[in-house]
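Trainee: First the structure, then my questions, so here it is.
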Amino acid sequence: MGWAIALHGGAGDIPLTLPPERRLPREVCLRHCLQLGVDALKSKKSPLDVVELVVRELENNPHFNAGKGSVLTSSGTVEMEACIMDGNMKCGAVSGLTTVVNAISLARLVMERTPHIYLAFDGAEAFAREHGVETLDASHFITPENIQRLKQAKEANRVQIDYTQPMQKKEEDTATADGDSQTGTVGCVAVDSDGNLAAATSTGGLVNKMVGRIGDTPLIGAGTYANSLCAVSATGKGEAIIRGTVARDVAALMEFKGLSLEEAAACVVKERVPKGNVGLVAVSATGEVTMPFNTTGMFRACATEDGYSEIAIWPLTKD
């Protein structure tokens, strides 16, 4: 048994030709956030503190689809959502945020300061103000890159994938979230040397999504889950992840079928969810780590106490 950490910056149809100016800043951020998490675990911070710390850092980076980098709705606004959960099954979630700088920290406040699990839209914003959470004008979250992404999506008359190049408009396309995915969602899972677990996920959702749409990220058991066996953060096509209760299914296969973390995660990703829909990062109470995906790629990083570390986007080639 030992500590372990894994994080992701989204899974989807990430082209091998992704331009360096879009790839390198994300890789640098993943490396920085991984080291941040490792240092926190080594200093004996709780896994809950660690995943919040790492996800806050990812939210503050405009190259990922969360916080400062959140993609825009069909109305050109941001609606951010997040979820946090620990191995004792304490959890908090938020949706529909327009001014909160770090959605993941508000989700933790919901977990710790209310009798509820999930707050959304005006109620969540009011709760943030009541507790002195940092907020900024909504314009702070609207980046030139995401304005361009929304323009491309509207021209193509569809919900736009984060990492794709501009698409040609197709008259037969319909604007359905079922056809494309959020791919810049961020998440982190961690376990300490005592087997304490936590998971956190944050996102801006889908480019050109309908106002009021809620994805898998804040839904307990879909995009985020933790119990005494494992912690899971998922990313990909939100609707598919919700249907498949992806994060909970990993834990359930371990709990009821006796599968290892790697076996359970592989079963869910490779067998239970259609190809091209999902990726996840997960750690177990015994310090195992796994990062499977059935999409073209997933921005991901992990490290374990025994010295293993990995930072990658596409499938690793085997010698």
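Each chain of the structure tokens is named A, B, ... in the order shown, its residues numbered from 1; ligands are numbered from 1 in display order.
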Could you name the residues that touch stretch 123-125 of chain A at 8 Å or less, counting only C-alpha atoms, but leaving out those on the same chain fewer than 5 positions away, as a ChimeraX atom specification?

Mentor: /A:94-100

Trainee: What would the file look like if the residues just selected were written as a short mmCIF file (atom, residue, chain, number, x, y, z; two decimals), in the first residue's frame with C-alpha atoms?

Mentor:
data_model
loop_
_atom_site.label_atom_id
_atom_site.label_comp_id
_atom_site.auth_asym_id
_atom_site.auth_seq_id
_atom_site.Cartn_x
_atom_site.Cartn_y
_atom_site.Cartn_z
CA VAL A 94 -22.66 22.27 -8.14
CA SER A 95 -24.00 23.25 -11.57
CA GLY A 96 -24.92 26.33 -13.54
CA LEU A 97 -22.20 28.57 -12.13
CA THR A 98 -21.47 31.79 -14.00
CA THR A 99 -19.21 33.80 -11.68
CA VAL A 100 -17.49 31.37 -9.27
#

Trainee: In Å to one decimal, how far is atom CA of A:Val51 from atom CA of A:Glu263?

Mentor: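 These two atoms are separated by 23.6 Å.
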
Trainee: Find the residues around stretch 72-87 of chain A up to 6 Å (only C-alpha atoms counted), leave out those fewer than 3 positions away in its own chain, and share them as a list in words.

Mentor: Lys90, Cys91, Gly92, Ala93, Val94, Ser95, Gly96, Leu97, Thr98, Ala103, Ile104, Ala107, Leu197, Ala198, Ala199, Ala200, Thr201, Ser202, Thr203, Gly204, Val207, Asn208, Lys209, Met210, Val211, Pro218, Ala226, Asn227 and Ser228 of chain A

Trainee: Looking only at strand (DSSP E or B) from DSSP on the backbone, list the matching residues of stretch 42-191 of chain A as a VMD selection string.

Mentor: chain A and resid 73 80 to 86 91 to 97 100 118 to 120 135 160 186 to 191

Trainee: Dump N, CA, C and O atoms for the selected residues as a tab-separated table (two decimals), in the first residue's frame?

Mentor:
chain	number	residue	atom	x	y	z
A	73	THR	N	-22.07	28.21	-23.83
A	73	THR	CA	-23.38	27.68	-24.20
A	73	THR	C	-23.82	28.29	-25.53
A	73	THR	O	-23.15	29.16	-26.09
A	80	MET	N	-20.69	26.49	-15.42
A	80	MET	CA	-19.69	25.56	-14.91
A	80	MET	C	-20.30	24.60	-13.89
A	80	MET	O	-21.26	24.93	-13.21
A	81	GLU	N	-19.72	23.41	-13.79
A	81	GLU	CA	-20.19	22.43	-12.82
A	81	GLU	C	-19.02	21.62	-12.29
A	81	GLU	O	-17.98	21.50	-12.94
A	82	ALA	N	-19.19	21.07	-11.07
A	82	ALA	CA	-18.12	20.33	-10.43
A	82	ALA	C	-18.67	19.41	-9.36
A	82	ALA	O	-19.80	19.57	-8.90
A	83	CYS	N	-17.83	18.44	-8.97
A	83	CYS	CA	-18.21	17.48	-7.94
A	83	CYS	C	-16.97	17.02	-7.20
A	83	CYS	O	-15.90	16.87	-7.81
A	84	ILE	N	-17.12	16.78	-5.90
A	84	ILE	CA	-16.03	16.24	-5.10
A	84	ILE	C	-16.59	15.18	-4.16
A	84	ILE	O	-17.73	15.30	-3.70
A	85	MET	N	-15.81	14.12	-3.89
A	85	MET	CA	-16.30	13.02	-3.08
A	85	MET	C	-15.11	12.31	-2.43
A	85	MET	O	-14.04	12.21	-3.03
A	86	ASP	N	-15.31	11.83	-1.20
A	86	ASP	CA	-14.23	11.09	-0.55
A	86	ASP	C	-14.63	9.65	-0.28
A	86	ASP	O	-15.76	9.23	-0.55
A	91	CYS	N	-19.99	13.86	-0.13
A	91	CYS	CA	-19.87	14.44	-1.46
A	91	CYS	C	-20.61	15.77	-1.57
A	91	CYS	O	-21.52	16.06	-0.80
A	92	GLY	N	-20.19	16.56	-2.55
A	92	GLY	CA	-20.84	17.82	-2.86
A	92	GLY	C	-20.74	18.11	-4.34
A	92	GLY	O	-19.75	17.72	-4.98
A	93	ALA	N	-21.75	18.77	-4.88
A	93	ALA	CA	-21.76	19.05	-6.32
A	93	ALA	C	-22.46	20.38	-6.61
A	93	ALA	O	-23.34	20.80	-5.84
A	94	VAL	N	-22.07	21.00	-7.72
A	94	VAL	CA	-22.66	22.27	-8.14
A	94	VAL	C	-22.80	22.30	-9.66
A	94	VAL	O	-22.04	21.66	-10.38
A	95	SER	N	-23.79	23.06	-10.12
A	95	SER	CA	-24.00	23.25	-11.57
A	95	SER	C	-24.47	24.66	-11.84
A	95	SER	O	-24.95	25.36	-10.94
A	96	GLY	N	-24.35	25.06	-13.10
A	96	GLY	CA	-24.92	26.33	-13.54
A	96	GLY	C	-24.23	27.55	-12.99
A	96	GLY	O	-24.83	28.62	-12.86
A	97	LEU	N	-22.93	27.44	-12.69
A	97	LEU	CA	-22.20	28.57	-12.13
A	97	LEU	C	-21.73	29.51	-13.24
A	97	LEU	O	-21.24	29.06	-14.27
A	100	VAL	N	-18.37	31.97	-10.28
A	100	VAL	CA	-17.49	31.37	-9.27
A	100	VAL	C	-16.17	30.96	-9.90
A	100	VAL	O	-16.13	30.21	-10.88
A	118	TYR	N	-26.18	18.66	-3.58
A	118	TYR	CA	-26.12	19.29	-4.90
A	118	TYR	C	-26.88	20.62	-4.89
A	118	TYR	O	-28.06	20.66	-4.55
A	119	LEU	N	-26.19	21.70	-5.26
A	119	LEU	CA	-26.82	23.01	-5.46
A	119	LEU	C	-26.55	23.47	-6.88
A	119	LEU	O	-25.47	23.20	-7.43
A	120	ALA	N	-27.51	24.19	-7.47
A	120	ALA	CA	-27.36	24.58	-8.87
A	120	ALA	C	-27.89	25.98	-9.14
A	120	ALA	O	-28.73	26.51	-8.41
A	135	THR	N	-15.55	35.32	-6.55
A	135	THR	CA	-16.33	35.40	-7.80
A	135	THR	C	-15.76	36.52	-8.65
A	135	THR	O	-15.14	37.46	-8.15
A	160	GLN	N	-20.01	21.21	-30.50
A	160	GLN	CA	-18.64	21.11	-30.98
A	160	GLN	C	-17.73	20.37	-30.00
A	160	GLN	O	-17.75	20.62	-28.80
A	186	VAL	N	-11.77	18.44	-16.49
A	186	VAL	CA	-10.60	18.11	-15.69
A	186	VAL	C	-11.01	17.29	-14.47
A	186	VAL	O	-12.14	17.41	-13.98
A	187	GLY	N	-10.09	16.46	-13.99
A	187	GLY	CA	-10.39	15.65	-12.82
A	187	GLY	C	-9.14	15.14	-12.16
A	187	GLY	O	-8.06	15.10	-12.77
A	188	CYS	N	-9.27	14.74	-10.89
A	188	CYS	CA	-8.15	14.21	-10.15
A	188	CYS	C	-8.64	13.20	-9.11
A	188	CYS	O	-9.71	13.39	-8.52
A	189	VAL	N	-7.89	12.14	-8.92
A	189	VAL	CA	-8.18	11.14	-7.89
A	189	VAL	C	-6.89	10.91	-7.11
A	189	VAL	O	-5.79	10.99	-7.66
A	190	ALA	N	-7.03	10.62	-5.82
A	190	ALA	CA	-5.84	10.42	-4.99
A	190	ALA	C	-6.13	9.47	-3.85
A	190	ALA	O	-7.27	9.37	-3.37
A	191	VAL	N	-5.09	8.77	-3.42
A	191	VAL	CA	-5.15	7.91	-2.24
A	191	VAL	C	-3.87	8.12	-1.45
A	191	VAL	O	-2.80	8.28	-2.03

Trainee: What parts of stretch 155-311 of chain A does DSSP call alpha helix (DSSP H)? I'd like the answer as an MDAnalysis selection string.

Mentor: chainID A and resid 155:156 238:244 246:257 261:267

Trainee: Since we have the selection now, will you write its residues out, keeping C-alpha atoms, as a short mmCIF file (atom, residue, chain, number, x, y, z; two decimals), in the first residue's frame?

Mentor:
data_model
loop_
_atom_site.label_atom_id
_atom_site.label_comp_id
_atom_site.auth_asym_id
_atom_site.auth_seq_id
_atom_site.Cartn_x
_atom_site.Cartn_y
_atom_site.Cartn_z
CA GLU A 155 -21.60 27.39 -38.29
CA ALA A 156 -21.56 23.58 -38.25
CA GLY A 238 -21.55 13.17 -20.82
CA GLU A 239 -24.79 11.59 -21.90
CA ALA A 240 -23.10 8.22 -22.48
CA ILE A 241 -21.36 8.42 -19.11
CA ILE A 242 -24.64 9.18 -17.35
CA ARG A 243 -26.40 6.26 -19.04
CA GLY A 244 -23.58 3.93 -18.08
CA VAL A 246 -19.48 4.84 -15.35
CA ALA A 247 -17.75 5.83 -12.12
CA ARG A 248 -20.05 3.80 -9.89
CA ASP A 249 -19.81 0.76 -12.15
CA VAL A 250 -16.04 0.61 -11.61
CA ALA A 251 -16.58 0.52 -7.85
CA ALA A 252 -19.45 -1.96 -8.15
CA LEU A 253 -17.39 -4.42 -10.16
CA MET A 254 -14.72 -4.31 -7.48
CA GLU A 255 -17.24 -4.60 -4.65
CA PHE A 256 -19.56 -7.28 -6.01
CA LYS A 257 -17.40 -9.16 -8.54
CA LEU A 261 -9.15 -1.77 -10.11
CA GLU A 262 -7.52 -2.27 -13.51
CA GLU A 263 -9.92 -5.10 -14.43
CA ALA A 264 -12.99 -3.18 -13.33
CA ALA A 265 -12.04 0.03 -15.12
CA ALA A 266 -11.11 -1.85 -18.30
CA CYS A 267 -14.43 -3.72 -18.25
#

Trainee: My list of candidates is A:Val232, A:Leu109, A:Arg300, A:Leu18. Which is closest to A:Val268 when distances are computed with only C-alpha atoms?

Mentor: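 Counting only C-alpha atoms, the residue closest to A:Val268 is A:Val232.
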
Trainee: So, with only C-alpha atoms as the atoms that count, which of A:Thr185, A:Thr245, A:Ser260, A:Thr114 lies closest to A:Val289?

Mentor: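 Looking at the shortest contact to A:Val289, the residue is A:Ser260.
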
Trainee: Please measure the separation of atom CA of A:Glu52 and atom CA of A:Cys29, giving the value in Å to one decimal.

Mentor: 15.7 Å

Trainee: Considering only C-alpha atoms, return as number ranges by chain whatever protein or nucleic-acid residues lie within 7 Å of stretch 37-42 of chain A, sequence-local ones (same chain, fewer than 4 positions apart) excluded.

Mentor: A: 33, 50, 54, 192

Trainee: Which is closer to A:Val269 than all the others in A:Ala282, A:Val71, A:Leu48, A:Ile214, using only C-alpha atoms?

Mentor: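 Ranked by minimum distance to A:Val269, first place goes to A:Ala282.
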
Trainee: Which one of A:Ala231, A:Leu150, A:Leu259, A:Leu36 sits closest to A:Met291 if you count only C-alpha atoms?

Mentor: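 Of the candidates, the smallest distance to A:Met291 is held by A:Ala231.
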
Trainee: Write out as a ChimeraX atom specification which residues come within 6 Å of stretch 303-319 of chain A when counting only C-alpha atoms, dropping same-chain ones fewer than 4 positions away.

Mentor: /A:2-5,297-299
